[in-house]
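Student: So here's input-v3.cif (mmCIF, C-alpha atoms and all ligand atoms).
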```
data_target
#
loop_
_atom_site.label_atom_id
_atom_site.label_comp_id
_atom_site.auth_asym_id
_atom_site.auth_seq_id
_atom_site.Cartn_x
_atom_site.Cartn_y
_atom_site.Cartn_z
CA MET A 1 18.38 13.88 2.06
CA THR A 2 14.90 12.44 2.45
CA ILE A 3 13.14 10.67 -0.40
CA LEU A 4 9.42 9.86 -0.38
CA VAL A 5 8.80 6.64 -2.30
CA THR A 6 5.18 6.12 -3.33
CA GLY A 7 4.45 2.45 -4.01
CA GLY A 8 7.66 1.60 -2.17
CA ALA A 9 6.42 -1.82 -1.02
CA GLY A 10 5.94 -2.98 -4.62
CA TYR A 11 8.31 -4.90 -6.85
CA ILE A 12 10.45 -2.08 -8.27
CA GLY A 13 9.85 0.26 -5.31
CA SER A 14 11.19 -2.19 -2.73
CA HIS A 15 14.39 -2.79 -4.70
CA THR A 16 14.81 0.97 -5.07
CA CYS A 17 14.34 1.46 -1.30
CA VAL A 18 17.23 -0.98 -0.74
CA GLU A 19 19.50 1.03 -3.03
CA LEU A 20 18.43 4.36 -1.50
CA LEU A 21 19.04 3.17 2.06
CA GLU A 22 22.40 1.66 1.11
CA ALA A 23 23.39 4.96 -0.49
CA GLY A 24 22.61 6.79 2.77
CA TYR A 25 19.26 8.43 1.96
CA ASP A 26 16.46 8.63 4.50
CA VAL A 27 13.46 6.84 3.02
CA ILE A 28 9.73 7.31 3.59
CA VAL A 29 7.35 4.88 1.95
CA ALA A 30 3.70 5.67 1.16
CA ASP A 31 1.79 2.62 -0.03
CA ASN A 32 -1.81 1.45 0.30
CA TYR A 33 -0.68 -2.21 0.00
CA TYR A 34 -3.16 -2.82 -2.82
CA ASN A 35 -0.61 -4.99 -4.61
CA SER A 36 1.98 -5.61 -1.87
CA VAL A 37 2.34 -6.43 1.81
CA PRO A 38 4.07 -4.53 4.65
CA GLU A 39 6.34 -7.55 5.25
CA VAL A 40 8.26 -6.51 2.13
CA LEU A 41 9.39 -3.37 3.96
CA ASP A 42 10.56 -5.47 6.93
CA ARG A 43 12.65 -7.40 4.45
CA VAL A 44 14.09 -4.21 2.95
CA GLU A 45 15.17 -3.27 6.48
CA LYS A 46 16.64 -6.74 6.99
CA ILE A 47 18.71 -6.53 3.78
CA THR A 48 20.06 -3.08 4.54
CA GLY A 49 20.22 -3.15 8.34
CA LYS A 50 18.53 0.28 8.20
CA LYS A 51 15.08 1.57 9.10
CA LEU A 52 12.69 3.36 6.83
CA LYS A 53 9.60 5.34 7.77
CA ARG A 54 6.30 4.04 6.46
CA TYR A 55 2.80 5.40 5.96
CA GLU A 56 -0.15 3.30 4.91
CA CYS A 57 -1.48 5.90 2.52
CA ASP A 58 -3.36 6.00 -0.75
CA ILE A 59 -2.04 8.65 -3.12
CA ARG A 60 -5.63 9.73 -3.78
CA ASP A 61 -5.94 10.64 -0.09
CA ARG A 62 -4.95 14.31 -0.06
CA GLU A 63 -5.02 14.66 3.72
CA GLY A 64 -2.91 11.55 4.17
CA LEU A 65 -0.30 12.92 1.76
CA GLU A 66 -0.38 16.37 3.39
CA ARG A 67 0.31 14.73 6.71
CA ILE A 68 3.44 13.07 5.30
CA PHE A 69 4.73 16.39 3.98
CA SER A 70 3.92 18.25 7.19
CA GLU A 71 5.61 15.65 9.39
CA ASN A 72 8.74 15.35 7.22
CA LYS A 73 10.98 17.53 5.12
CA VAL A 74 10.83 15.67 1.81
CA ASP A 75 13.60 16.60 -0.64
CA ALA A 76 12.35 14.55 -3.60
CA VAL A 77 9.69 11.99 -4.53
CA ILE A 78 10.05 8.76 -6.49
CA HIS A 79 6.57 7.96 -7.73
CA PHE A 80 5.92 4.24 -8.33
CA ALA A 81 2.37 3.95 -6.96
CA GLY A 82 -0.04 2.82 -9.63
CA LEU A 83 -1.90 -0.08 -11.15
CA LYS A 84 -0.05 -1.87 -13.92
CA ALA A 85 -2.00 -4.77 -15.42
CA VAL A 86 -2.43 -4.05 -19.12
CA GLY A 87 -5.35 -6.48 -19.69
CA GLU A 88 -7.20 -5.39 -16.54
CA SER A 89 -6.87 -1.76 -17.63
CA ALA A 90 -8.89 -2.53 -20.78
CA ARG A 91 -11.67 -4.02 -18.63
CA LEU A 92 -11.54 -1.35 -15.92
CA PRO A 93 -10.29 1.85 -17.58
CA LEU A 94 -11.94 4.19 -15.08
CA LEU A 95 -10.22 2.45 -12.19
CA TYR A 96 -6.88 2.98 -13.96
CA TYR A 97 -7.57 6.63 -14.78
CA GLU A 98 -8.80 7.29 -11.25
CA ASN A 99 -5.99 5.51 -9.45
CA ASN A 100 -3.07 6.40 -11.69
CA ILE A 101 -4.01 9.82 -13.03
CA SER A 102 -6.16 11.30 -10.23
CA GLY A 103 -3.74 9.86 -7.68
CA SER A 104 -0.76 11.41 -9.46
CA VAL A 105 -2.44 14.80 -9.81
CA THR A 106 -3.26 14.81 -6.09
CA LEU A 107 0.36 13.92 -5.30
CA PHE A 108 1.71 16.71 -7.54
CA GLU A 109 -0.67 19.25 -5.97
CA VAL A 110 0.41 18.28 -2.47
CA MET A 111 4.07 18.45 -3.51
CA GLU A 112 3.60 21.90 -5.01
CA LYS A 113 1.86 23.17 -1.89
CA ALA A 114 4.70 21.79 0.25
CA GLY A 115 7.33 23.38 -2.02
CA CYS A 116 8.78 19.98 -3.01
CA LYS A 117 9.23 20.15 -6.78
CA LYS A 118 11.55 17.25 -7.52
CA ILE A 119 10.16 13.99 -8.83
CA VAL A 120 11.18 10.79 -10.59
CA PHE A 121 8.21 9.20 -12.33
CA SER A 122 7.82 5.51 -13.32
CA SER A 123 6.90 5.61 -16.96
CA SER A 124 7.03 2.78 -19.44
CA ALA A 125 8.36 1.83 -22.86
CA THR A 126 4.72 1.31 -23.76
CA VAL A 127 4.46 5.08 -24.47
CA TYR A 128 6.43 4.51 -27.70
CA GLY A 129 3.74 2.35 -29.28
CA ASN A 130 4.50 1.55 -32.89
CA ASN A 131 7.71 3.54 -33.32
CA PRO A 132 10.66 1.92 -35.10
CA ILE A 133 13.19 0.15 -32.88
CA PRO A 134 15.34 0.87 -31.01
CA TYR A 135 13.18 3.39 -29.19
CA ARG A 136 14.77 6.78 -28.55
CA GLU A 137 13.57 9.46 -26.17
CA ASP A 138 13.11 12.04 -28.95
CA MET A 139 10.48 9.93 -30.73
CA VAL A 140 6.85 11.02 -30.72
CA THR A 141 5.00 9.11 -28.01
CA GLY A 142 1.36 8.40 -27.21
CA ASP A 143 0.27 5.88 -29.83
CA VAL A 144 -0.50 3.42 -27.06
CA SER A 145 -2.76 0.40 -27.13
CA SER A 146 -4.09 0.18 -23.56
CA PRO A 147 -5.68 2.46 -20.95
CA TYR A 148 -2.73 1.55 -18.70
CA GLY A 149 -0.29 2.82 -21.32
CA ARG A 150 -2.36 5.96 -21.76
CA THR A 151 -2.13 6.70 -18.04
CA LYS A 152 1.68 6.70 -18.39
CA HIS A 153 1.54 8.93 -21.47
CA PHE A 154 -0.93 11.37 -19.87
CA ILE A 155 1.05 11.63 -16.63
CA GLU A 156 4.22 12.39 -18.64
CA LYS A 157 2.28 15.15 -20.43
CA ILE A 158 0.81 16.48 -17.17
CA LEU A 159 4.31 16.73 -15.71
CA GLY A 160 5.42 18.50 -18.90
CA ASP A 161 2.67 21.09 -18.40
CA VAL A 162 3.60 21.47 -14.73
CA TYR A 163 7.19 22.19 -15.71
CA ASN A 164 6.15 24.63 -18.45
CA SER A 165 4.08 26.55 -15.91
CA ASP A 166 6.86 26.63 -13.32
CA ASN A 167 10.48 26.08 -14.35
CA SER A 168 11.63 25.50 -10.80
CA TRP A 169 10.43 21.87 -11.01
CA SER A 170 12.94 19.10 -11.64
CA ILE A 171 11.38 16.04 -13.25
CA SER A 172 12.79 12.75 -14.47
CA LEU A 173 10.57 10.44 -16.53
CA LEU A 174 12.05 6.94 -16.48
CA ARG A 175 10.70 4.74 -19.25
CA TYR A 176 11.22 1.21 -18.05
CA PHE A 177 11.55 -1.68 -20.45
CA ASN A 178 10.86 -5.19 -19.04
CA PRO A 179 12.03 -5.50 -15.44
CA ILE A 180 12.71 -9.03 -14.20
CA GLY A 181 15.01 -10.62 -11.60
CA ALA A 182 15.14 -10.15 -7.86
CA HIS A 183 17.46 -9.02 -5.11
CA GLU A 184 20.40 -11.38 -4.70
CA SER A 185 19.39 -12.13 -1.09
CA GLY A 186 16.20 -13.82 -2.32
CA LEU A 187 14.27 -11.79 0.27
CA ILE A 188 12.46 -9.51 -2.16
CA GLY A 189 11.31 -10.07 -5.73
CA GLU A 190 8.26 -10.01 -7.95
CA ASP A 191 5.29 -11.52 -6.16
CA PRO A 192 2.08 -10.87 -8.09
CA ASN A 193 -1.32 -11.82 -6.67
CA GLY A 194 -3.18 -14.57 -8.51
CA ILE A 195 -2.14 -15.84 -11.92
CA PRO A 196 0.72 -13.70 -13.29
CA ASN A 197 0.23 -11.70 -16.49
CA ASN A 198 3.91 -11.22 -17.15
CA LEU A 199 6.36 -13.71 -18.58
CA MET A 200 8.95 -14.11 -15.85
CA PRO A 201 6.68 -14.62 -12.83
CA TYR A 202 4.67 -17.06 -14.94
CA ILE A 203 7.78 -19.03 -15.86
CA SER A 204 8.98 -19.22 -12.28
CA ARG A 205 5.59 -20.44 -11.05
CA VAL A 206 5.64 -23.19 -13.66
CA ALA A 207 9.18 -24.11 -12.59
CA ILE A 208 8.18 -24.32 -8.91
CA GLY A 209 5.14 -26.46 -9.80
CA LYS A 210 2.40 -23.94 -8.93
CA LEU A 211 1.28 -23.65 -12.55
CA GLU A 212 1.20 -26.49 -15.04
CA LYS A 213 2.65 -24.97 -18.18
CA LEU A 214 3.58 -21.74 -19.89
CA THR A 215 1.86 -20.74 -23.10
CA VAL A 216 4.18 -18.79 -25.37
CA PHE A 217 2.01 -16.12 -26.96
CA GLY A 218 2.73 -16.56 -30.65
CA GLY A 219 5.41 -18.46 -32.53
CA ASP A 220 4.82 -16.90 -35.93
CA TYR A 221 6.17 -13.37 -35.52
CA ASP A 222 8.72 -12.07 -37.96
CA THR A 223 11.57 -12.48 -35.47
CA LYS A 224 14.61 -14.77 -35.30
CA ASP A 225 12.64 -17.66 -33.72
CA GLY A 226 9.05 -16.51 -34.24
CA THR A 227 8.52 -15.32 -30.65
CA CYS A 228 8.34 -11.72 -29.39
CA ILE A 229 11.47 -9.75 -28.61
CA ARG A 230 11.76 -7.59 -25.48
CA ASP A 231 14.44 -5.68 -23.63
CA TYR A 232 14.71 -7.35 -20.21
CA ILE A 233 16.34 -5.38 -17.42
CA HIS A 234 17.42 -6.64 -14.00
CA VAL A 235 15.31 -4.95 -11.34
CA VAL A 236 18.45 -4.06 -9.35
CA ASP A 237 19.88 -2.27 -12.39
CA LEU A 238 16.56 -0.49 -12.70
CA ALA A 239 16.62 0.45 -9.01
CA LYS A 240 20.11 1.88 -9.45
CA ALA A 241 18.88 4.04 -12.33
CA HIS A 242 16.57 5.74 -9.81
CA LEU A 243 19.56 6.63 -7.66
CA CYS A 244 21.23 8.28 -10.65
CA ALA A 245 18.01 10.11 -11.52
CA VAL A 246 17.52 11.33 -7.94
CA ALA A 247 21.10 12.59 -7.79
CA LYS A 248 20.47 14.50 -11.00
CA ILE A 249 17.13 16.10 -10.05
CA LEU A 250 18.40 17.14 -6.61
CA GLY A 251 20.94 19.41 -8.29
CA THR A 252 19.07 20.71 -11.34
CA THR A 253 15.76 21.92 -12.71
CA GLY A 254 14.16 20.74 -15.95
CA ILE A 255 12.27 17.76 -17.35
CA GLU A 256 13.90 14.83 -19.13
CA ALA A 257 12.82 11.36 -20.21
CA TYR A 258 15.23 8.42 -20.08
CA ASN A 259 15.00 4.89 -21.43
CA ILE A 260 15.96 2.38 -18.78
CA GLY A 261 16.72 -0.83 -20.60
CA ASN A 262 19.63 -3.03 -21.56
CA GLY A 263 19.52 -2.03 -25.20
CA LYS A 264 19.39 -5.71 -26.20
CA GLY A 265 16.44 -7.72 -27.40
CA TYR A 266 15.75 -11.28 -26.25
CA SER A 267 13.01 -13.57 -27.48
CA VAL A 268 10.59 -15.46 -25.27
CA LEU A 269 12.45 -18.67 -26.17
CA ASP A 270 15.80 -17.05 -25.19
CA ILE A 271 14.31 -16.32 -21.77
CA ILE A 272 12.91 -19.83 -21.41
CA HIS A 273 16.30 -21.34 -22.25
CA ALA A 274 18.17 -19.01 -19.89
CA PHE A 275 15.70 -19.92 -17.14
CA GLU A 276 16.16 -23.63 -17.80
CA LYS A 277 19.91 -23.15 -17.43
CA ALA A 278 19.46 -21.25 -14.15
CA SER A 279 17.01 -23.74 -12.65
CA GLY A 280 18.70 -26.86 -14.01
CA SER A 281 15.45 -28.32 -15.32
CA LYS A 282 13.26 -28.28 -18.40
CA LEU A 283 10.31 -25.92 -18.44
CA ASN A 284 6.92 -27.18 -19.53
CA TYR A 285 5.71 -24.87 -22.30
CA VAL A 286 3.63 -24.83 -25.47
CA ILE A 287 3.51 -22.38 -28.32
CA GLY A 288 0.04 -20.83 -28.46
CA GLY A 289 -1.74 -18.02 -30.29
CA ARG A 290 -0.71 -14.38 -30.19
CA ARG A 291 -1.85 -12.17 -27.28
CA GLU A 292 -3.87 -9.18 -28.43
CA GLY A 293 -1.96 -5.91 -28.26
CA ASP A 294 1.54 -7.46 -28.15
CA LEU A 295 4.14 -5.78 -30.36
CA PRO A 296 6.50 -8.20 -32.16
CA ALA A 297 9.70 -6.57 -30.93
CA PHE A 298 11.01 -3.59 -29.02
CA TYR A 299 14.13 -2.59 -27.19
CA ALA A 300 15.81 0.57 -25.96
CA ASP A 301 18.46 2.90 -27.14
CA ALA A 302 19.69 3.53 -23.61
CA SER A 303 22.57 5.83 -24.52
CA LYS A 304 20.92 8.99 -23.15
CA ALA A 305 20.73 7.54 -19.62
CA ASN A 306 24.35 6.53 -19.94
CA LYS A 307 25.47 9.97 -21.10
CA GLU A 308 23.33 12.15 -18.87
CA LEU A 309 22.76 10.03 -15.76
CA GLY A 310 25.98 8.02 -15.83
CA TRP A 311 23.86 4.87 -15.65
CA THR A 312 24.28 1.64 -17.51
CA ALA A 313 22.85 -1.84 -16.95
CA GLN A 314 25.28 -4.37 -15.43
CA TYR A 315 23.43 -7.67 -15.35
CA ASP A 316 22.78 -10.14 -18.17
CA ILE A 317 19.81 -12.46 -18.70
CA ASP A 318 21.55 -15.39 -16.98
CA LYS A 319 21.86 -13.36 -13.77
CA MET A 320 18.25 -12.15 -14.15
CA CYS A 321 17.05 -15.76 -14.36
CA GLU A 322 19.30 -16.99 -11.53
CA ASP A 323 18.03 -14.30 -9.16
CA THR A 324 14.40 -14.87 -10.15
CA TRP A 325 14.76 -18.59 -9.47
CA ASN A 326 16.57 -17.99 -6.18
CA PHE A 327 13.69 -15.74 -5.02
CA GLN A 328 11.05 -18.23 -6.18
CA LYS A 329 12.76 -21.18 -4.41
CA LYS A 330 13.12 -19.24 -1.17
CA ASN A 331 9.51 -18.00 -1.33
CA PRO A 332 7.47 -20.80 -2.91
CA ASP A 333 4.25 -19.31 -1.52
CA GLY A 334 5.23 -15.68 -2.08
CA ILE A 335 5.71 -13.05 0.61
CA LYS A 336 2.93 -13.09 3.19
P1 LIG B 1 3.79 -3.11 -8.07
O1 LIG B 1 2.34 -3.34 -8.24
O2 LIG B 1 4.63 -4.22 -7.53
O3 LIG B 1 4.05 -1.83 -7.16
C1 LIG B 1 3.17 -0.72 -7.16
C2 LIG B 1 2.92 -0.35 -5.69
O4 LIG B 1 2.04 0.77 -5.66
C3 LIG B 1 2.24 -1.48 -4.91
O5 LIG B 1 2.91 -1.67 -3.68
C4 LIG B 1 0.82 -0.97 -4.69
O6 LIG B 1 0.26 -1.45 -3.48
C5 LIG B 1 1.03 0.52 -4.69
N1 LIG B 1 -0.14 1.31 -5.08
C6 LIG B 1 -0.95 1.14 -6.15
N2 LIG B 1 -1.91 2.09 -6.15
C7 LIG B 1 -1.68 2.89 -5.08
C8 LIG B 1 -2.33 4.03 -4.54
N3 LIG B 1 -3.42 4.55 -5.11
N4 LIG B 1 -1.82 4.60 -3.42
C9 LIG B 1 -0.73 4.08 -2.82
N5 LIG B 1 -0.08 2.99 -3.27
C10 LIG B 1 -0.56 2.41 -4.39
O7 LIG B 1 4.37 -2.63 -9.49
P2 LIG B 1 5.86 -2.45 -9.98
O8 LIG B 1 6.14 -3.50 -10.99
O9 LIG B 1 6.77 -2.28 -8.82
O10 LIG B 1 5.70 -1.08 -10.79
C11 LIG B 1 5.99 0.18 -10.18
C12 LIG B 1 5.68 1.27 -11.17
O11 LIG B 1 6.43 1.06 -12.37
C13 LIG B 1 4.22 1.32 -11.61
O12 LIG B 1 3.83 2.66 -11.76
C14 LIG B 1 4.23 0.63 -12.94
O13 LIG B 1 3.19 1.06 -13.77
C15 LIG B 1 5.58 1.05 -13.49
N6 LIG B 1 6.10 0.12 -14.52
C16 LIG B 1 6.23 -1.20 -14.23
C17 LIG B 1 6.68 -2.10 -15.20
C18 LIG B 1 6.78 -3.57 -14.92
O14 LIG B 1 6.87 -4.34 -15.88
N7 LIG B 1 6.82 -4.01 -13.67
C19 LIG B 1 7.05 -1.61 -16.47
C20 LIG B 1 6.94 -0.23 -16.74
C21 LIG B 1 6.46 0.62 -15.74
N1 LIG B 2 4.47 -13.86 -22.79
C1 LIG B 2 4.21 -15.17 -23.10
N2 LIG B 2 3.47 -15.90 -22.20
C2 LIG B 2 3.03 -15.40 -21.02
C3 LIG B 2 3.33 -14.05 -20.71
C4 LIG B 2 4.05 -13.30 -21.62
O1 LIG B 2 4.60 -15.67 -24.15
O2 LIG B 2 2.36 -16.12 -20.26
C5 LIG B 2 5.28 -13.07 -23.73
C6 LIG B 2 4.53 -11.85 -24.27
O3 LIG B 2 3.79 -12.19 -25.41
C7 LIG B 2 5.69 -10.91 -24.57
C8 LIG B 2 6.76 -11.28 -23.54
O4 LIG B 2 6.41 -12.57 -23.07
O5 LIG B 2 6.19 -11.19 -25.83
C9 LIG B 2 6.81 -10.33 -22.37
O6 LIG B 2 5.48 -10.17 -21.86
P1 LIG B 2 5.18 -9.45 -20.48
O7 LIG B 2 3.72 -9.53 -20.24
O8 LIG B 2 6.09 -9.93 -19.43
O9 LIG B 2 5.63 -7.94 -20.79
P2 LIG B 2 5.11 -6.93 -21.91
O10 LIG B 2 6.27 -6.68 -22.81
O11 LIG B 2 3.85 -7.36 -22.51
O12 LIG B 2 4.72 -5.66 -21.02
C10 LIG B 2 5.64 -5.05 -20.16
C11 LIG B 2 4.98 -4.50 -18.91
C12 LIG B 2 4.04 -3.38 -19.24
C13 LIG B 2 4.67 -2.37 -20.11
C14 LIG B 2 5.31 -3.01 -21.29
C15 LIG B 2 6.09 -2.04 -22.08
O13 LIG B 2 4.25 -5.52 -18.25
O14 LIG B 2 3.71 -2.73 -18.04
O15 LIG B 2 6.22 -4.04 -20.87
O16 LIG B 2 7.05 -1.45 -21.25
F1 LIG B 2 3.74 -1.48 -20.54
#
```
Could you render the structure from this file as C-alpha cells?
Ligand code: NAD
Ligand code: UFG
Tutor:
Amino acid sequence: MTILVTGGAGYIGSHTCVELLEAGYDVIVADNYYNSVPEVLDRVEKITGKKLKRYECDIRDREGLERIFSENKVDAVIHFAGLKAVGESARLPLLYYENNISGSVTLFEVMEKAGCKKIVFSSSATVYGNNPIPYREDMVTGDVSSPYGRTKHFIEKILGDVYNSDNSWSISLLRYFNPIGAHESGLIGEDPNGIPNNLMPYISRVAIGKLEKLTVFGGDYDTKDGTCIRDYIHVVDLAKAHLCAVAKILGTTGIEAYNIGNGKGYSVLDIIHAFEKASGSKLNYVIGGRREGDLPAFYADASKANKELGWTAQYDIDKMCEDTWNFQKKNPDGIK
C-alpha cells in the first residue's frame, strides 16, 4: 500500500513517516520545505533503514500534484501540509486561507481526478472553541478565535461536503490536542524557525541556553495553579494514531472525526516541573500576563478513537519531556 504524505518533512509528518515505513507501507512525501528541511527525510530513512520517495511540491501546484499521482498508484493520502502559527494567521489571514484552504481544495480535486478518495486530515482541537470540557466529537464546532483555526474548521466542512456529494470517499478528521516530544532516537523532533510560539519548543530552547527565560502566559486563571491546562500528547502516539486511521479508511467509506489526545489536562507549571525533572536543572521562567485568545483549559474525551480506531496514547508527560530534551541536546542548533 502506498501512502502520500503531504507536509511529511514537518514535525508530525516526519514522525508519521517513521511509523508508516516501520509498518511496511510505501511512503511518498510531498513538501515545499516552507517550514522544514529535506535533511529530516534523510533522518527518517536513517531511523527506519528504509527509503521513501520524495517530491519537492507545493500543494497549491496542481501540475506538481498531478505528476505525483500519474507516476505512482497512491492508495491513500495523509494531509499535514499547512501553516500553523495562530498569531501569524491573525496578521496574515489571506496567506493562511490561500495556503491551507486553496492548497487543500487543489489536493482534493487532484485526488478525485486520480480516483484516490481516501484521506486522513490534520485537524485541531481548536475547532471546539468555547465548548465545555472534555471535548467530544459530537459537539458543535466552528466557534474559533483565529484564522488558522477557521482554516481547520472550513477544511473539515469542505471534506464533509465532498463526502455528501460522493459516498465512495473515506475520510478521517484527526483533531490533535497539543503534540510535544520527539522520536526516541533524538534524530527528529520539533524544530521551529525563529522564536517558538509554542510552549515546549520554547522551554527546551531556554533549557539549552538559546533563549533567556520563559514567560508563562497568565497565572491568574481559574485552574488548580492559575496557569492554563492543556492535553499534551506524545508526537509518537499521535503518529501511531495515523496508522490506525489509515488502516480504517483503507477498508471503509465514510467520514469521521476523532480526538487524538491523552484525555488528561496538565498545567503550564506541571509541564515546567516535568521538564526540570527530565533535564535535571531548574528552568528560568516568570509568570507574565495572559496571551490573547488562550482558553483557560481544554482536554479530550479520546474514547471514540479508542473504540473505533483501537488507538490509545501510551506515553506520559515525563516521557514527553525526556524525549524533547534528548532531541534538543542532540540538535542544539536544530536540523540543518
Ligand atoms: P510543520 O510546520 O512542522 O509541518 C507542516 C509541513 O507542511 C512543513 O514541512 C511545511 O514545509 C509543509 N507545508 C506547508 N505548506 C505547504 C504547502 N503549501 N505545500 C507543501 N508543503 C507545505 O507542522 P506540524 O506541527 O507537523 O503540523 C502538521 C499539521 O498538523 C498542520 O496541518 C497543522 O496545522 C496540524 N496541527 C498541528 C498542531 C501542533 O501543535 N503542531 C496541532 C493541531 C494541528
Ligand atoms: N504558553 C506559555 N508561554 C509560552 C508559550 C505557551 O505560557 O511561551 C502556554 C500557553 O498560554 C498555553 C500553553 O502554554 O496555555 C500551550 O501553548 P501552546 O502555544 O504550546 O499551544 P496552544 O494550546 O496555544 O495551541 C496548540 C496549537 C494550535 C492548536 C491549539 C489547539 O499550537 O495549533 O493547540 O489544538 F490550534
Student: One decimal, in Å: what's the spacing between atom CA of A:Asp220 and atom CA of A:Ile208?
Tutor: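 Going from atom CA of A:Asp220 over to atom CA of A:Ile208, I get 28.2 Å.
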Student: With distances taken over only C-alpha atoms, which residue among A:Val206, A:Ile133, A:Ala90, A:Ile3 lies nearest A:Asn284?
Tutor: A:Val206
Student: List all protein, DNA and RNA residues that have any atom at most 6 Å from ligand LIG 2 (chain B), counting only C-alpha atoms and all ligand atoms, and write the list as a ChimeraX atom specification.
Tutor: /A:84,124-126,149,176-178,197-199,202,214-217,228,268,291,294
Student: Let me see if you get this right: every residue at most 7 Å from ligand LIG 1 (chain B), counting only C-alpha atoms and all ligand atoms, written as a ChimeraX atom specification.
Tutor: /A:6-13,30-36,57-60,80-84,99-100,103,122-125,175-179,190
Student: Name the residues in contact with A:Gly186 at a cut-off of 8 Å, using all atoms listed in the file, excluding same-chain residues fewer than 3 positions from it; report them as a list in words.
Tutor: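 My list of contacting residues is Ala182, His183, Gly189, Asp323, Asn326, Phe327, Gln328, Lys330 and Asn331 of chain A.
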Student: Which residues are close to A:Lys224, i.e. within 12 Å by only C-alpha atoms, leaving aside same-chain residues fewer than 3 positions away? Reply as a list of chain:residue names.
Tutor: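 The contact residues come out as A:Gly219, A:Asp220, A:Tyr221, A:Thr227, A:Cys228, A:Ile229, A:Gly265, A:Tyr266, A:Ser267, A:Val268, A:Leu269, A:Asp270, A:Pro296, A:Ala297.
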Student: Rank nothing, just name the residue among A:Leu65, A:Leu309, A:Ala274, A:Ile317 nearest to A:Ile180, using only C-alpha atoms.
Tutor: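 Looking at the shortest contact to A:Ile180, the residue is A:Ile317.
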Student: What is the atom CA of A:Gly181 to atom CA of A:Ile287 distance in Å?
Tutor: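 Result for atom CA of A:Gly181 versus atom CA of A:Ile287: 23.5 Å, one decimal.
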